[in-house]
Amino acid sequence: MAGGRFSLDLARPSRQHWLGYILLAPAVLLIAAIIIYPLFVSVDLSFQNVGIARLDQPRRPFTTANYERLFTSPDFWNACWVTLKLIVIVTSACCLLGLGTALLVNNRFKGRSLARLFVAMPWAVPEVIAVVIFAWIFDSSFGLMNWIFLSLGFIDKTINWFSDPTAAFAVVATTMVWKGYPFVSIMCLAGLQSIPDDYYAAARVDGANAWQRLIHITLPNLRPVLGVTTILVMLWIFRDFSIIYVLTGGGPLKATQTLSIMTYEQAFGFFRMGYASAIGVVTLIICVIAAKLMMSRAPENL
Amino acid sequence: MRQSPLARLFIYASVILTCAVLLFPIYWLVVTALSQPDQLRQLPPKFWPDEPRWSVFGKILEERPILLWLGNSALAALGAVTISMVVSVLAGYSLSRFRVRGGQSLGLFILTAKMLPATLLVIPLFGIFRMTGLIGSLWSIILAHATLIIPFTTWMLKGYFDTIPRELEQAAMVDGCSPWGALVRVILPVSAPGLAATALYGFVLSWSDYAYARTFLTNAQGNWTANLGITTMKGEYISNWADISAAAILVALPILAIYLFLERYLVGGLTAGSEK
């Protein structure tokens with residue numbers, strides 16, 4: 001928390017205090033109306049047998065059936081497993097690629113500001129557009145990827161990317177990595193700027209080579225930034241809806257159905273909003289844990 | 001430090017190669033849009049069309065209400081950003097300058113809210129908007145996007161106000177300004193770049209949404225946003241990738257332009273508070 005005491009007490013301190021609450025009020029009221037109240041509704045729905053949420057009708061009797069059904073459902077555990085797989089694979093790829101590109105364009109060369117702009121450009125491509133791009137590249141009949149793989153001799157007949165579970169998962173992961181690495185790159189570049197040049201000068205005097213400088217100076221100094229960034233990337237994958245939903249809809253055979261997709265599918269595909277809310281509540285609990293984790297990693301953020 | 005020519009050559013080569021590989025998908029989108037549709041069904045693929053079909057953009061604008069979609073997206077983003085900025089400027093300032101009871105827990109809540117999946121809030125919001133008759137209206141996504149934007153903007157603005165020295169307001173108040181006057185006449189003008197960065201970031205958040213638009217607006221064709229419109233094209237037009245790509249370029253252009261010309265502001269917002 002930056003500066004605990006407010007130093008406005010030059011004027012009338014009692015009024016300052018009061019003004020603080022007034023300024024906060026609109027935000028608190030709006031957040032209460034469009035975030036906190038819906039969260040309560042969500043938790044409430046998860047304990048009822050509800051098809052389509054009708055808030056103007058009396059609430060249904062309390063039941064824990066949604067949760068019982070959830071924890072015994074193989075689909076739920078499958079979704080957990082898919083989510084976990086996706087988080088591990090995409091996060092590691094994003095971090096490696098993001099860190100690599102950041103280190104690369106952090107070198108001194110002419111035109112590096114342009115290179116920095118280009119290297120993180122996928123960040124500015126809306127997710128839905130990224131899906132359009134990759135859906136066409138991985139098209140089963142005339143997509144570029146099949147042609148490249150065939151020409152290189154990796155495969156002898158075209159892969160049907162969207163009907164094979166493993167292939168579809170790979171397409172989703174590829175799209176997410178492409179959309180996700182620039183964020184890591186941008187964050188790492190910002191982090192690299194804050195490492196004092198003196199460290200490198202001193203290391204050079206001591207005869208450290210480029211690799212040693214990377215291992216002993218750059219990476220340790222980047223650790224706080226990388227830690228926060230990694231959590232943010234994981235959460236982004238955990239939350240993501242549009243990439244997977246538009247690309248595969250969670251299929252084939254639920255191979256790309258994450259918890260997010262399952263929640264949506266149950267709510268708006270099968271209209272089981274009570275059940276879907278139960279999945280949502282589980283994701284909420286995971287989010288709270290992640291937020292706590294982030295706070296402990298980056299206490300100076302608050 | 002001087003680099004040897006060899007080292008410099010190596011750096012240039014790797015930078016160009018990396019950019020070429022990573023940006024290839026964007027290049028491919030452009031090539032696809034400019035190709036004749038039947039050329040796309042030929043192997044080997046052409047890496048630059050024989051006769052670039054620049055007219056495709058005019059054609060797609062005539063055939064599809066893309067301008068309407070873009071207008072809806074812009075309207076929704078404008079509404080959501082305006083609402084969010086008004087409440088976040090006040091809240092961010094309050095969190096930065098005043099000691100408010102519960103401020104710490106509000107901060108923690110906001111941080112958690114930043115992480116909430118849209119798929120969690122979309123269910124209760126659907127119920128609420130159904131009850132209030134907002135389903136199908138742009139107001140539904142304006143409010144839903146505000147749930148995405150407010151946590152970010154409040155957080156970013158608080159961080160930004162923290163970097164502005166308190167002496168500024170103190171000086172203004174010694175000169176007879178009220179605390180409110182100090183905020184409006186001194187702090188806000190000084191924070192203009194931060195406000196711009198924050199609003200821009202909110203705009204990008206709103207523009208990128210698909211989940212809320214898909215849920216609330218699917219049955220209201222006249223209010224479709226750009227992202228929603230594009231996905232419906234992908235669903236129906238399985239074979240005509242040239243047209244979809246052309247439409248996709250038009251939809252991606254605003255954000256890409258913001259990124260290319262105002263990158264400093266966007267990135268400043270993105271990394272605020274995370275480095276140190």
# chains A, B, ... in the order shown; residues from 1 in each chain; ligands from 1

call {"tool": "interface_residues", "arguments": {"of": "chain B", "to": "chain A", "cutoff": "7 Å", "atoms": "only C-alpha atoms", "output": "number ranges by chain"}}
result
B: 15, 19, 25, 29, 41, 87-88, 90-91, 94, 97-100, 107, 111-112, 115-117, 119-121, 123-125, 127-128, 131, 147, 170, 208, 210-211, 227, 248, 252, 255-256, 259, 271, 273-275

call {"tool": "select_by_dssp", "arguments": {"residues": "stretch 72-247 of chain B", "states": "alpha helix (DSSP H)", "output": "ChimeraX atom specification"}}
result
/B:72-97,103-113,118-132,138-162,167-174,179-181,188-190,192-208,211-217,226-236,241-247

call {"tool": "closest_residue", "arguments": {"among": "B:Ala192, B:Leu34, B:Met156, B:Ala146", "to": "B:Leu95", "atoms": "only C-alpha atoms"}}
result
B:Met156

call {"tool": "atom_distance", "arguments": {"atom1": "atom CA of B:Gln42", "atom2": "atom CA of B:Ile249"}}
result
22.6 Å

call {"tool": "closest_residue", "arguments": {"among": "A:Lys254, A:Lys179, A:Lys157, A:Arg223", "to": "A:Phe76", "atoms": "only C-alpha atoms"}}
result
A:Lys254

call {"tool": "residues_around", "arguments": {"residues": "A:Trp81", "least_positions_apart": "4", "cutoff": "10 Å", "atoms": "only C-alpha atoms", "output": "CSV table (one decimal) with C-alpha atoms, in the first residue's frame"}}
result
chain,number,residue,atom,x,y,z
A,75,ASP,CA,-17.3,-34.8,-17.9
A,76,PHE,CA,-16.3,-32.5,-15.1
A,77,TRP,CA,-13.1,-34.4,-14.3
A,85,LYS,CA,-3.2,-29.7,-19.7
A,86,LEU,CA,-4.0,-26.6,-21.6
A,87,ILE,CA,-2.7,-24.3,-18.8
A,255,ALA,CA,-11.1,-33.1,-26.1
A,256,THR,CA,-10.9,-29.2,-25.8
A,257,GLN,CA,-13.7,-28.7,-23.3
A,258,THR,CA,-12.3,-26.7,-20.5
A,259,LEU,CA,-14.2,-25.7,-17.4

call {"tool": "residues_around", "arguments": {"residues": "A:Leu253", "least_positions_apart": "2", "cutoff": "12 Å", "atoms": "only C-alpha atoms", "output": "list in words"}}
result
Asp75, Asn78, Ala79, Val82, Phe162, Ser163, Asp164, Pro165, Thr166, Ala168, Phe169, Thr248, Gly249, Gly250, Gly251, Ala255, Thr256 and Gln257 of chain A

call {"tool": "residues_around", "arguments": {"residues": "B:Leu262", "least_positions_apart": "5", "cutoff": "12 Å", "atoms": "only C-alpha atoms", "output": "PyMOL selection string"}}
result
(chain A and resi 117+124) or (chain B and resi 193+196-197+200-201+254-257+267-269)

call {"tool": "atom_distance", "arguments": {"atom1": "atom CA of B:Thr132", "atom2": "atom CA of B:Ala80"}}
result
18.4 Å

call {"tool": "closest_residue", "arguments": {"among": "A:Ala173, A:Ala102, A:Pro252, A:Tyr275", "to": "B:Thr18", "atoms": "only C-alpha atoms"}}
result
A:Ala102

call {"tool": "closest_residue", "arguments": {"among": "B:Leu253, B:Leu228, B:Leu138, B:Ile150", "to": "B:Phe109", "atoms": "only C-alpha atoms"}}
result
B:Ile150

call {"tool": "atom_distance", "arguments": {"atom1": "atom CA of B:Ala76", "atom2": "atom CA of B:Leu61"}}
result
20.7 Å

call {"tool": "residues_around", "arguments": {"residues": "B:Ile149", "least_positions_apart": "4", "cutoff": "10 Å", "atoms": "only C-alpha atoms", "output": "ChimeraX atom specification"}}
result
/B:77,80-81,83-85,88,113-114,143-145,153-154,198-199,201-206

call {"tool": "write_last_selection", "arguments": {"atoms": "N, CA and C atoms", "output": "tab-separated table (two decimals), in the first residue's frame"}}
result
chain	number	residue	atom	x	y	z
B	77	ALA	N	-18.42	-0.07	-26.88
B	77	ALA	CA	-17.15	0.23	-26.22
B	77	ALA	C	-17.18	1.63	-25.63
B	80	ALA	N	-19.42	1.59	-22.50
B	80	ALA	CA	-18.81	0.87	-21.38
B	80	ALA	C	-17.61	1.63	-20.84
B	81	VAL	N	-16.80	2.20	-21.74
B	81	VAL	CA	-15.61	2.93	-21.29
B	81	VAL	C	-16.02	4.19	-20.53
B	83	ILE	N	-18.83	4.87	-18.81
B	83	ILE	CA	-19.32	4.52	-17.47
B	83	ILE	C	-18.15	4.13	-16.57
B	84	SER	N	-17.30	3.24	-17.10
B	84	SER	CA	-16.21	2.72	-16.28
B	84	SER	C	-15.24	3.82	-15.88
B	85	MET	N	-14.93	4.72	-16.81
B	85	MET	CA	-13.95	5.76	-16.49
B	85	MET	C	-14.48	6.69	-15.41
B	88	SER	N	-14.30	4.86	-12.15
B	88	SER	CA	-12.94	4.45	-11.77
B	88	SER	C	-12.04	5.63	-11.44
B	113	ALA	N	-11.94	-9.70	-9.05
B	113	ALA	CA	-12.91	-9.48	-10.12
B	113	ALA	C	-12.23	-9.46	-11.48
B	114	LYS	N	-10.97	-8.98	-11.50
B	114	LYS	CA	-10.22	-8.97	-12.76
B	114	LYS	C	-10.07	-10.38	-13.32
B	143	LEU	N	-23.25	-2.86	-20.04
B	143	LEU	CA	-23.12	-3.15	-18.61
B	143	LEU	C	-22.21	-4.35	-18.38
B	144	ALA	N	-22.34	-5.37	-19.23
B	144	ALA	CA	-21.50	-6.56	-19.05
B	144	ALA	C	-20.03	-6.22	-19.28
B	145	HIS	N	-19.76	-5.38	-20.29
B	145	HIS	CA	-18.37	-4.99	-20.53
B	145	HIS	C	-17.84	-4.14	-19.38
B	153	THR	N	-9.63	-0.67	-14.90
B	153	THR	CA	-9.38	0.77	-14.93
B	153	THR	C	-9.18	1.32	-13.52
B	154	THR	N	-9.96	0.82	-12.55
B	154	THR	CA	-9.78	1.31	-11.18
B	154	THR	C	-8.36	1.03	-10.71
B	198	THR	N	-5.63	4.42	-19.94
B	198	THR	CA	-6.61	3.56	-19.30
B	198	THR	C	-7.86	3.39	-20.17
B	199	ALA	N	-8.34	4.51	-20.72
B	199	ALA	CA	-9.54	4.45	-21.55
B	199	ALA	C	-9.29	3.58	-22.78
B	201	TYR	N	-7.22	1.14	-23.07
B	201	TYR	CA	-7.18	-0.25	-22.68
B	201	TYR	C	-8.59	-0.81	-22.49
B	202	GLY	N	-9.44	0.00	-21.86
B	202	GLY	CA	-10.83	-0.40	-21.69
B	202	GLY	C	-11.51	-0.62	-23.03
B	203	PHE	N	-11.20	0.25	-23.98
B	203	PHE	CA	-11.77	0.13	-25.31
B	203	PHE	C	-11.38	-1.21	-25.94
B	204	VAL	N	-10.11	-1.58	-25.80
B	204	VAL	CA	-9.65	-2.86	-26.36
B	204	VAL	C	-10.37	-4.02	-25.69
B	205	LEU	N	-10.54	-3.94	-24.36
B	205	LEU	CA	-11.23	-5.02	-23.64
B	205	LEU	C	-12.64	-5.20	-24.18
B	206	SER	N	-13.34	-4.09	-24.36
B	206	SER	CA	-14.72	-4.17	-24.82
B	206	SER	C	-14.78	-4.68	-26.25
